[in-house]
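Everything below concerns the one structure shown next.
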Amino acid sequence: DLDTKGFNFNPDVSYDSVSDIEGNYYHTLEIDTITWMAENLRVTKLNDGTQIPNITDDSYWSEAITPAYCFYDNSKIKGDLYGCLYNWYTIETEKLCPAGWHVPSSAEWSRLEKYLIENGYNFDGTTEGNKISKSLSSGEGWRMIVQDGVTSNNDYPEYINKTGFTAVPGGHREEDGYFIYSSVEGEWWSSTKVGEDQALYRFIFNNDYSFGYEPGSLNRGVSVRCVKD
């Protein structure tokens, strides 16, 4: 039932699968005893069957204070490739992931980062410093930057997608509705809110080797990976 969609899944990783309420199947894998999706979520309904509005208009997107999703550039083709982009109000429902799964907290993302750094996933073989983006990356679809160890460079081939996480450069949608950074960046929401109007998300860029995080507007359109409860 799994469709690889041309992604460079790691043949040395043992994948399982999970399906969402619409019947989409996703590769899954275990890292540090936690089961993660190895693909971006592309469901358009909450797990109770409620339809998530697809907001294409920029002004409606920027003003929304309820759940919404979109495809990058409002293109279904890019949605099939990268999954959906969701505002954080969708995350807040706690019903976006398949039953028995959830959007990872900032602490769960940090646990993943720490484990990978300490267990040999830095591109240079060190076990300190944050140099794990290449090991998270699909290795395909990224705009190439020829610089030592960065996400998009094809150097250190044994580290490309070493984790099996298969991160793709799906970009994001700004709070004003503007789409940006497809082929350059991947972003993934956490469930952790910061203050009244921001939440933390994780990201990797084509021109860097770190796995970053920062707060973003609740109206930002960001990809989602789910983890098993």
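Residue numbering restarts at 1 for every chain of the structure tokens, chains are lettered A, B, ... in their displayed order, and ligands are numbered from 1 as they appear.
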- Task: List every residue of stretch 60-140 of chain A that DSSP, applied to the backbone, labels as strand (DSSP E or B), and write the result as a PyMOL selection string.
- Result: chain A and resi 69-70+85-86+101-102+137
Serialized selection, C-alpha atoms, as a PDB file, in the first residue's frame:
```pdb
ATOM      1  CA  TYR A  69      -4.587  23.549   5.408  1.00  0.00           C
ATOM      2  CA  CYS A  70      -3.218  24.209   1.931  1.00  0.00           C
ATOM      3  CA  LEU A  85       0.843  22.696   5.079  1.00  0.00           C
ATOM      4  CA  TYR A  86      -1.239  23.297   8.214  1.00  0.00           C
ATOM      5  CA  TRP A 101      -0.608   9.185  17.102  1.00  0.00           C
ATOM      6  CA  HIS A 102       0.131  12.823  17.908  1.00  0.00           C
ATOM      7  CA  SER A 137      17.351  14.567   4.509  1.00  0.00           C
TER       8      SER A 137
END
```
- Message: Residues near A:Leu136, anyone? I mean within 6 Å using only C-alpha atoms, not counting same-chain ones fewer than 3 positions away, as a list in words.
- Response: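 My list of contacting residues is Ser133, Asn161, Thr163, Phe165, Thr166 and Ala167 of chain A.
Distances from A:Asp73, A:Glu30, A:Glu185, A:Asp58 to A:Ser138 were compared using only C-alpha atoms, and the smallest one belongs to A:Glu185.
Restricting the calculation to only C-alpha atoms, the smallest distance between A:Ser17 and any of A:Pro98, A:Asp48, A:Ser223, A:Gly83 is found for A:Pro98.
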- Quote the spacing between atom CA of A:Ile21 and atom CA of A:Gly100 in Å to one decimal place. 11.9 Å
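Among the candidates A:Glu196, A:Asp208, A:Glu175, A:Asp32, the residue lying nearest to A:Asp148 is A:Asp208 (atoms considered: only C-alpha atoms).
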- Item | Among the residues A:Gly125, A:Pro11, A:Gly177, A:Gly164, the one that comes closest to A:Gly149 [using only C-alpha atoms] | A:Gly125
- Which of these, A:Asn119, A:Asn87, A:Ser152, A:Ser210, has the shortest distance to A:Ile55 once you count only C-alpha atoms?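 For A:Ile55, the nearest of the given residues is A:Asn87.
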